[in-house]
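One file, model.txt, is given below (compact mmCIF, C-alpha atoms and all ligand atoms).
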# COMPACT_ATOMS: atom_id res chain seq x y z
CA MET H 1 103.68 118.73 94.66
CA ARG H 2 105.34 119.36 91.31
CA GLY H 3 108.09 117.76 89.34
CA ARG H 4 109.11 114.63 87.49
CA ILE H 5 107.19 111.48 88.42
CA ILE H 6 108.86 108.06 88.58
CA GLY H 7 106.57 105.04 88.96
CA PHE H 8 107.22 101.68 90.58
CA ASP H 9 105.16 98.51 90.55
CA VAL H 10 106.51 96.10 93.17
CA GLY H 11 105.29 92.50 92.99
CA GLY H 12 106.23 89.04 94.20
CA SER H 13 108.07 88.24 90.95
CA ASN H 14 109.28 91.59 89.58
CA ILE H 15 109.99 95.19 90.42
CA ARG H 16 109.08 97.48 87.52
CA ALA H 17 110.19 101.09 87.24
CA ALA H 18 109.19 103.68 84.67
CA ASN H 19 109.55 107.29 83.71
CA TYR H 20 106.88 109.04 81.67
CA THR H 21 106.23 111.52 78.91
CA SER H 22 104.51 114.76 79.95
CA ASP H 23 101.11 113.24 79.07
CA GLY H 24 101.64 110.12 81.21
CA ARG H 25 102.74 107.53 78.67
CA ILE H 26 105.54 105.19 79.70
CA CYS H 27 108.81 106.40 78.22
CA ILE H 28 111.54 104.13 79.65
CA LYS H 29 110.76 100.99 81.64
CA ARG H 30 113.03 98.62 83.54
CA ILE H 31 112.14 95.26 85.08
CA CYS H 32 114.26 93.45 87.66
CA ASP H 33 113.72 90.45 89.93
CA SER H 34 111.88 91.11 93.16
CA VAL H 35 113.50 90.71 96.58
CA ILE H 36 111.72 88.28 98.90
CA GLY H 37 111.81 88.24 102.71
CA ASP H 38 114.47 90.97 102.99
CA LYS H 39 113.27 94.53 103.66
CA SER H 40 116.69 96.19 103.50
CA GLY H 41 117.53 94.24 100.32
CA LEU H 42 114.28 95.43 98.74
CA LEU H 43 114.89 99.08 99.68
CA GLY H 44 118.49 98.77 98.45
CA THR H 45 117.34 97.46 95.05
CA ILE H 46 114.92 100.39 94.69
CA ARG H 47 117.63 102.84 95.73
CA ASN H 48 120.04 101.38 93.15
CA LEU H 49 117.48 101.83 90.38
CA VAL H 50 117.08 105.51 91.32
CA LYS H 51 120.74 106.24 91.99
CA ASN H 52 121.98 104.45 88.85
CA PRO H 53 124.37 106.74 86.91
CA ASP H 54 122.05 106.66 83.85
CA ASN H 55 119.59 108.81 85.88
CA TYR H 56 116.59 107.35 84.00
CA PHE H 57 114.68 106.88 87.23
CA LYS H 58 115.76 109.96 89.11
CA GLY H 59 112.78 112.16 89.83
CA ASP H 60 111.06 114.49 92.25
CA ILE H 61 108.07 112.26 93.10
CA TYR H 62 108.34 108.48 93.45
CA SER H 63 104.98 106.72 93.22
CA PHE H 64 104.82 103.09 94.39
CA GLY H 65 102.25 100.38 93.83
CA LEU H 66 102.79 97.81 96.59
CA PRO H 67 101.42 94.28 97.09
CA GLY H 68 99.66 94.67 100.44
CA PRO H 69 97.43 96.96 102.51
CA VAL H 70 98.53 100.63 102.55
CA HIS H 71 97.28 102.89 105.32
CA ASP H 72 98.40 106.49 105.96
CA GLN H 73 101.25 106.13 103.45
CA THR H 74 102.55 103.02 105.21
CA LEU H 75 102.65 99.53 103.73
CA LEU H 76 101.43 97.43 106.66
CA ARG H 77 102.58 94.03 105.36
CA ALA H 78 103.23 92.35 102.01
CA PRO H 79 102.65 88.56 101.92
CA PRO H 80 103.91 88.16 98.29
CA LEU H 81 107.21 89.73 99.43
CA GLU H 82 107.15 87.69 102.66
CA LEU H 83 107.34 90.92 104.66
CA ASN H 84 105.48 91.21 107.94
CA GLU H 85 107.02 94.48 109.07
CA PRO H 86 105.71 97.84 107.87
CA ILE H 87 107.49 100.17 105.45
CA SER H 88 106.62 103.87 105.56
CA ALA H 89 106.89 106.27 102.64
CA SER H 90 109.10 108.54 104.78
CA GLU H 91 111.70 105.76 105.15
CA LEU H 92 112.06 105.76 101.36
CA GLU H 93 112.08 109.56 101.15
CA ASP H 94 115.28 109.58 103.23
CA LEU H 95 116.80 107.01 100.87
CA LEU H 96 115.72 108.54 97.54
CA ASP H 97 115.87 112.31 98.28
CA GLY H 98 112.37 112.98 96.92
CA THR H 99 108.69 112.84 97.73
CA VAL H 100 107.37 109.27 98.00
CA VAL H 101 103.73 108.20 97.69
CA PHE H 102 102.36 104.68 98.33
CA ASN H 103 99.22 103.00 97.03
CA ASN H 104 98.08 99.38 96.86
CA ASP H 105 99.21 97.85 93.54
CA VAL H 106 95.78 96.55 92.52
CA ASN H 107 94.21 99.92 93.26
CA ASN H 108 96.81 101.52 90.97
CA ALA H 109 95.95 98.96 88.28
CA ALA H 110 92.26 99.82 88.71
CA LEU H 111 93.06 103.54 88.28
CA SER H 112 94.77 102.83 84.96
CA GLU H 113 91.97 100.53 83.78
CA LEU H 114 89.40 103.21 84.59
CA ASN H 115 91.31 106.09 82.97
CA LEU H 116 93.05 104.36 80.05
CA GLY H 117 91.66 100.84 79.62
CA ALA H 118 88.19 99.30 79.84
CA GLY H 119 86.81 102.48 81.40
CA ILE H 120 87.43 104.22 78.06
CA LYS H 121 87.24 101.38 75.54
CA HIS H 122 84.05 99.81 76.89
CA ASP H 123 82.75 103.01 78.49
CA LEU H 124 82.55 101.42 81.95
CA SER H 125 82.09 103.56 85.05
CA SER H 126 81.74 100.51 87.34
CA PHE H 127 83.63 97.22 87.15
CA PHE H 128 85.57 94.73 89.23
CA LEU H 129 89.26 94.42 88.36
CA LEU H 130 90.57 90.90 88.93
CA THR H 131 94.32 90.32 88.72
CA LEU H 132 95.57 86.78 88.15
CA SER H 133 99.35 86.47 88.36
CA SER H 134 101.73 85.15 91.04
CA GLY H 135 98.79 85.90 93.40
CA ILE H 136 95.10 86.80 92.97
CA GLY H 137 93.87 90.30 93.83
CA GLY H 138 90.94 92.53 93.13
CA ALA H 139 89.64 96.09 93.27
CA LEU H 140 86.18 97.56 92.95
CA VAL H 141 85.51 100.59 90.77
CA LEU H 142 82.08 102.17 91.34
CA ASN H 143 80.79 105.25 89.53
CA ASN H 144 84.26 106.24 88.28
CA LYS H 145 85.90 105.86 91.68
CA VAL H 146 88.29 103.18 92.93
CA CYS H 147 86.84 102.04 96.25
CA ASN H 148 90.06 101.91 98.31
CA GLU H 149 88.06 101.37 101.48
CA PHE H 150 87.18 97.78 100.57
CA PRO H 151 89.99 95.23 100.82
CA CYS H 152 88.36 92.93 98.18
CA GLU H 153 90.46 89.95 99.31
CA PHE H 154 88.54 87.40 97.24
CA GLY H 155 91.88 85.65 96.63
CA HIS H 156 91.71 84.42 100.23
CA THR H 157 88.30 82.78 100.02
CA VAL H 158 88.79 79.05 100.43
CA VAL H 159 87.97 77.07 97.27
CA GLU H 160 89.67 73.76 98.16
CA ARG H 161 88.92 71.93 101.41
CA ASN H 162 90.43 68.57 100.50
CA GLU H 163 93.64 68.56 102.52
CA LEU H 164 95.42 66.40 99.94
CA LYS H 165 94.90 69.13 97.34
CA ALA H 166 94.94 72.34 99.41
CA ASN H 167 98.14 74.42 99.22
CA LYS H 168 99.30 76.58 102.07
CA CYS H 169 98.60 80.19 101.13
CA SER H 170 100.82 83.22 101.88
CA CYS H 171 98.15 84.25 104.43
CA GLY H 172 98.79 81.06 106.44
CA ASN H 173 95.47 79.34 105.61
CA PHE H 174 95.04 76.34 103.31
CA GLY H 175 93.10 76.09 100.04
CA CYS H 176 92.66 79.83 99.30
CA TRP H 177 91.71 80.69 95.71
CA GLY H 178 94.99 82.63 95.41
CA GLY H 179 96.94 79.71 96.82
CA GLN H 180 95.40 77.28 94.29
CA ALA H 181 94.81 79.12 91.01
CA SER H 182 97.62 81.70 91.01
CA GLY H 183 100.85 81.02 89.13
CA TYR H 184 102.35 79.91 92.43
CA GLY H 185 99.46 77.55 93.18
CA ILE H 186 99.37 75.97 89.72
CA LEU H 187 103.10 75.26 89.83
CA LYS H 188 102.86 73.76 93.29
CA MET H 189 99.97 71.43 92.38
CA ALA H 190 101.65 70.35 89.15
CA GLN H 191 104.89 69.55 90.95
CA ARG H 192 102.95 67.41 93.42
CA GLU H 193 100.87 65.55 90.83
CA LEU H 194 103.60 65.04 88.26
CA GLY H 195 105.97 64.04 91.06
CA SER H 196 103.64 61.17 91.95
CA SER H 197 103.24 60.32 88.25
CA GLU H 198 107.01 59.84 88.08
CA ILE H 199 106.61 56.79 90.34
CA VAL H 200 104.50 55.15 87.60
CA THR H 201 106.29 56.32 84.48
CA GLY H 202 109.87 56.70 85.71
CA ARG H 203 110.01 59.93 83.71
CA ARG H 204 111.15 62.99 85.61
CA ILE H 205 109.61 66.28 84.46
CA GLU H 206 111.35 69.46 85.61
CA LEU H 207 108.80 72.20 86.18
CA ARG H 208 110.19 75.67 86.71
CA ARG H 209 107.58 78.03 85.32
CA THR H 210 103.78 78.02 85.28
CA GLU H 211 103.91 78.18 81.47
CA ASP H 212 105.58 74.73 81.42
CA ILE H 213 102.31 73.16 82.62
CA PHE H 214 100.29 74.84 79.87
CA GLN H 215 102.81 73.55 77.34
CA LEU H 216 102.65 69.97 78.70
CA ALA H 217 98.85 70.11 78.56
CA GLY H 218 99.03 70.59 74.80
CA ASP H 219 99.79 66.88 74.29
CA GLU H 220 97.28 64.53 75.91
CA THR H 221 98.78 61.45 74.29
CA ASN H 222 101.08 61.01 77.29
CA ARG H 223 100.40 60.73 80.99
CA GLU H 224 102.01 64.08 81.89
CA GLY H 225 99.91 65.94 79.31
CA PHE H 226 96.76 64.21 80.52
CA ILE H 227 97.48 65.15 84.16
CA SER H 228 98.31 68.76 83.21
CA SER H 229 95.08 69.10 81.21
CA ALA H 230 93.03 67.79 84.13
CA LEU H 231 94.83 70.22 86.42
CA ILE H 232 94.00 73.18 84.15
CA ARG H 233 90.32 72.12 84.07
CA GLY H 234 90.47 72.16 87.89
CA ILE H 235 91.98 75.68 87.83
CA ARG H 236 89.17 76.82 85.55
CA ASP H 237 86.67 75.47 88.06
CA TYR H 238 88.41 77.25 91.00
CA ASN H 239 88.17 80.42 88.90
CA ALA H 240 84.46 79.80 88.26
CA GLN H 241 83.89 79.56 92.03
CA GLY H 242 86.08 82.60 92.80
CA ILE H 243 84.40 84.75 90.14
CA GLY H 244 81.01 83.40 91.25
CA ASN H 245 81.76 84.70 94.77
CA ILE H 246 82.50 88.15 93.34
CA VAL H 247 79.22 88.08 91.40
CA ASN H 248 77.35 87.01 94.55
CA VAL H 249 78.63 90.15 96.30
CA PHE H 250 78.61 92.79 93.54
CA GLY H 251 76.01 91.51 91.08
CA GLU H 252 76.16 92.06 87.36
CA ILE H 253 79.00 94.61 87.11
CA PRO H 254 81.56 93.59 84.44
CA ILE H 255 84.77 91.87 85.51
CA VAL H 256 88.04 92.94 83.89
CA ILE H 257 90.93 90.48 83.97
CA MET H 258 94.50 91.72 84.42
CA GLY H 259 97.83 90.09 85.36
CA GLY H 260 100.26 87.96 83.34
CA LEU H 261 98.60 84.60 84.03
CA GLY H 262 95.07 85.87 83.39
CA LEU H 263 96.00 87.62 80.14
CA ASN H 264 98.35 84.98 78.68
CA GLN H 265 96.07 82.02 79.47
CA PHE H 266 92.68 83.75 79.28
CA GLU H 267 91.06 81.19 76.95
CA ARG H 268 92.21 78.23 79.03
CA ILE H 269 91.59 79.33 82.61
CA ILE H 270 88.73 81.85 82.48
CA PRO H 271 85.42 79.96 82.67
CA GLY H 272 82.38 80.65 80.51
CA LYS H 273 79.21 82.21 81.89
CA GLU H 274 77.48 78.84 82.30
CA ASP H 275 80.33 77.55 84.50
CA ILE H 276 80.34 80.68 86.68
CA ALA H 277 76.54 80.45 86.99
CA ARG H 278 76.97 77.19 88.95
CA TYR H 279 78.35 79.27 91.85
CA THR H 280 76.12 82.35 91.92
CA ILE H 281 72.49 83.36 92.25
CA ASN H 282 73.01 86.64 90.34
CA PRO H 283 73.13 87.05 86.55
CA VAL H 284 76.72 86.54 85.35
CA PRO H 285 78.31 89.71 83.91
CA ASN H 286 80.70 89.95 80.97
CA VAL H 287 84.28 88.94 81.77
CA LEU H 288 86.68 91.05 79.68
CA ARG H 289 90.44 91.15 79.28
CA SER H 290 92.43 94.26 80.09
CA GLU H 291 93.94 96.07 77.11
CA LEU H 292 96.83 97.45 79.17
CA GLY H 293 98.93 94.28 79.42
CA ASP H 294 101.61 94.29 82.11
CA ASP H 295 101.80 98.09 82.23
CA GLY H 296 98.59 98.69 84.19
CA GLY H 297 100.35 99.06 87.55
CA LEU H 298 102.96 101.50 86.22
CA LEU H 299 100.39 103.61 84.38
CA GLY H 300 98.28 103.69 87.56
CA ALA H 301 101.28 104.81 89.65
CA TYR H 302 101.53 107.89 87.42
CA ILE H 303 97.79 108.62 87.63
CA TYR H 304 97.83 108.22 91.42
CA ALA H 305 100.75 110.64 91.84
CA ARG H 306 99.19 113.11 89.42
CA GLY H 307 95.90 112.89 91.35
CA LEU H 308 97.73 113.67 94.57
CA ARG H 309 99.34 116.65 92.86
CA ASN H 310 95.84 118.04 92.20
CA GLU H 311 96.48 118.62 88.53
CA PRO H 312 93.71 118.17 85.94
ZN ZN D 1 95.08 83.06 101.69
As structure tokens, how would this structure be written, given the file I've shared?
Amino acid sequence: MRGRIIGFDVGGSNIRAANYTSDGRICIKRICDSVIGDKSGLLGTIRNLVKNPDNYFKGDIYSFGLPGPVHDQTLLRAPPLELNEPISASELEDLLDGTVVFNNDVNNAALSELNLGAGIKHDLSSFFLLTLSSGIGGALVLNNKVCNEFPCEFGHTVVERNELKANKCSCGNFGCWGGQASGYGILKMAQRELGSSEIVTGRRIELRRTEDIFQLAGDETNREGFISSALIRGIRDYNAQGIGNIVNVFGEIPIVIMGGLGLNQFERIIPGKEDIARYTINPVPNVLRSELGDDGGLLGAYIYARGLRNEP
């Protein structure tokens, strides 16, 4: 397999596309809104990016990071996209006139972290990559290898059993870590709690983005700020339990945080070692932030395609 690689990182909020320099750095990147619950709409959006007259994203090999389990080059389902039907790489090959390769998005992010991020900067050959964004995902890297064979669905461990507080998760269960402490979960809880506060104060707060809650929490002199701060302390505790579960399974290997929510709000939502220790018997490892920002998935898509091309 030879030729020009185009990378895609498809998530619940955005679709990112990139082309690359010959040594794998991102050259041109485009971000558009994701398409939810509409397979043909999603494929059409991808096709339009490739077939755009500017030809920025026309290539020979299209490498996709996708938010769900990938088996034999088929995406089996994608809860963040509200898709329950499979999509095969060959379906997209017909549409894009090129070779298409699929990988799970978090596994692509782990590839980039290993080859370009913490793997290099902190000289780590083993770590757990934890992505906190519109959902919560994870991937295990052991001895310089991304362990694709483990689903690592820690985001679907239940951390909230109180039915007044538990959100319905994309998996159908209630109170999952990813349904509570993801961007989606935080927004949902804040809307519920500030909605009931409105009955007392008469003030209506419009919440559209997760960041709005972090902004409100900056001012505890009013009721809304007080509620938002308490909510963020609760999120930090969910994260302590979730990370504690990871440490219970994998022991003292470092944890690297990726994803927009995790990176932008690291200081406020990532618990300290003593908080995580309340949920685990094992020594708590270092919890580090990724250096790759939002580009981890796109950089990993390139590395994955290059690996499949058997080039050094
Ligand atoms: Zn779930």
Selection near region 8-14 of chain H, 8 Å with only C-alpha atoms, sequence-local residues under 3 positions removed, as a PyMOL selection string: chain H and resi 17-18+31-36+62-67+80-81+105+134+297-298+301
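Around ligand ZN 1 (chain D), the neighbouring residues within 6 Å, taking only C-alpha atoms and all ligand atoms, come to His156, Cys169, Ser170, Cys171, Asn173 and Cys176 of chain H.
Interatomic distance, CA of Arg223 (chain H) against CA of Leu187 (chain H): 17.2 Å.
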Per-axis box centre and lengths in Å around region 14-31 of chain H, 3 Å margin per side, axis-aligned, as lines of an AutoDock Vina configuration file:
center_x = 107.1
center_y = 103.2
center_z = 84.3
size_x = 17.9
size_y = 29.2
size_z = 18.2
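Closest approach to Phe128 (chain H) among H:Ser88, H:Asn55, H:Asn115, H:Asn107: H:Asn107, based on all atoms listed in the file.
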Just the number, please: distance in Å from CA of Val200 (chain H) to CA of Ile186 (chain H), one decimal. 21.5 Å
Would you pick out the contacts of Ser196 (chain H) at 12 Å or less, using only C-alpha atoms, so that residues sharing its chain but fewer than 5 positions from it are not included, and give the list as a CSV table (one decimal) with C-alpha atoms, in the coordinates of the input?
chain,number,residue,atom,x,y,z
H,189,MET,CA,100.0,71.4,92.4
H,190,ALA,CA,101.6,70.4,89.2
H,191,GLN,CA,104.9,69.6,91.0
H,201,THR,CA,106.3,56.3,84.5
H,202,GLY,CA,109.9,56.7,85.7
H,203,ARG,CA,110.0,59.9,83.7
H,204,ARG,CA,111.2,63.0,85.6
H,205,ILE,CA,109.6,66.3,84.5
H,223,ARG,CA,100.4,60.7,81.0
H,224,GLU,CA,102.0,64.1,81.9
H,227,ILE,CA,97.5,65.2,84.2
Point out the residue among H:Gly242, H:Gly234, H:Gly117, H:Gly218 with the least atom-to-atom distance to Val158 (chain H), counting all atoms listed in the file. H:Gly242
Test item: residues at most 12 Å from Asn264 (chain H), only C-alpha atoms, excluding those fewer than 6 positions along its chain, as JSON, numbers by chain: {"H": [132, 133, 183, 210, 211, 214, 257, 258, 270, 289, 290, 293, 294]}
Which residues are close to Ala166 (chain H), i.e. within 9 Å by only C-alpha atoms, leaving aside same-chain residues fewer than 4 positions away? Reply as a compact mmCIF listing (two decimals) with C-alpha atoms, keeping the file's coordinate frame.
# COMPACT_ATOMS: atom_id res chain seq x y z
CA VAL H 159 87.97 77.07 97.27
CA GLU H 160 89.67 73.76 98.16
CA ARG H 161 88.92 71.93 101.41
CA ASN H 162 90.43 68.57 100.50
CA PHE H 174 95.04 76.34 103.31
CA GLY H 175 93.10 76.09 100.04
CA CYS H 176 92.66 79.83 99.30
CA GLY H 179 96.94 79.71 96.82
CA GLN H 180 95.40 77.28 94.29
CA MET H 189 99.97 71.43 92.38
Just need region 25-94 of chain H in a file, please: C-alpha atoms, as a compact mmCIF listing (two decimals), in the first residue's frame.
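And here's out.txt as it stands now:
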# COMPACT_ATOMS: atom_id res chain seq x y z
CA ARG H 25 3.20 16.05 10.69
CA ILE H 26 -0.24 17.54 10.15
CA CYS H 27 -0.15 19.92 7.21
CA ILE H 28 -3.77 21.03 6.62
CA LYS H 29 -6.58 20.23 9.04
CA ARG H 30 -10.33 20.78 8.79
CA ILE H 31 -12.94 20.36 11.51
CA CYS H 32 -16.68 20.10 10.87
CA ASP H 33 -19.69 19.14 12.99
CA SER H 34 -20.37 15.45 13.38
CA VAL H 35 -23.49 13.77 12.00
CA ILE H 36 -25.57 11.94 14.60
CA GLY H 37 -27.97 9.04 14.02
CA ASP H 38 -27.71 9.18 10.21
CA LYS H 39 -25.31 6.75 8.51
CA SER H 40 -25.82 8.01 4.97
CA GLY H 41 -25.51 11.62 6.17
CA LEU H 42 -22.22 10.76 7.89
CA LEU H 43 -20.81 9.01 4.81
CA GLY H 44 -21.98 11.92 2.64
CA THR H 45 -20.17 14.46 4.85
CA ILE H 46 -16.94 12.43 4.61
CA ARG H 47 -17.35 12.10 0.84
CA ASN H 48 -17.85 15.88 0.51
CA LEU H 49 -14.63 16.56 2.43
CA VAL H 50 -12.71 14.28 0.04
CA LYS H 51 -14.42 15.37 -3.16
CA ASN H 52 -14.23 19.10 -2.36
CA PRO H 53 -12.75 20.99 -5.35
CA ASP H 54 -9.82 22.22 -3.20
CA ASN H 55 -8.52 18.59 -3.23
CA TYR H 56 -6.84 19.05 0.18
CA PHE H 57 -8.19 15.74 1.40
CA LYS H 58 -7.93 13.70 -1.76
CA GLY H 59 -5.55 10.82 -1.26
CA ASP H 60 -4.74 7.20 -1.98
CA ILE H 61 -5.22 5.82 1.55
CA TYR H 62 -7.94 7.08 3.91
CA SER H 63 -7.28 6.18 7.55
CA PHE H 64 -10.20 6.51 9.98
CA GLY H 65 -10.31 6.62 13.76
CA LEU H 66 -13.88 5.69 14.74
CA PRO H 67 -15.74 5.89 18.07
CA GLY H 68 -16.69 2.24 18.57
CA PRO H 69 -15.44 -1.35 18.28
CA VAL H 70 -13.70 -2.15 14.97
CA HIS H 71 -13.37 -5.77 13.90
CA ASP H 72 -12.04 -7.01 10.54
CA GLN H 73 -12.11 -3.47 9.13
CA THR H 74 -15.76 -3.04 10.08
CA LEU H 75 -17.10 -0.57 12.63
CA LEU H 76 -19.61 -2.71 14.51
CA ARG H 77 -21.51 0.14 16.22
CA ALA H 78 -20.83 3.69 17.40
CA PRO H 79 -22.87 4.85 20.43
CA PRO H 80 -21.51 8.47 20.33
CA LEU H 81 -22.81 8.69 16.74
CA GLU H 82 -26.04 6.89 17.71
CA LEU H 83 -25.33 4.26 15.07
CA ASN H 84 -26.25 0.64 15.72
CA GLU H 85 -25.64 -0.64 12.21
CA PRO H 86 -22.16 -1.61 11.01
CA ILE H 87 -20.08 0.34 8.49
CA SER H 88 -17.40 -1.54 6.56
CA ALA H 89 -14.24 -0.01 5.13
CA SER H 90 -15.19 -1.38 1.69
CA GLU H 91 -18.42 0.68 1.70
CA LEU H 92 -16.28 3.81 1.99
CA GLU H 93 -13.77 2.60 -0.60
CA ASP H 94 -16.57 2.61 -3.20
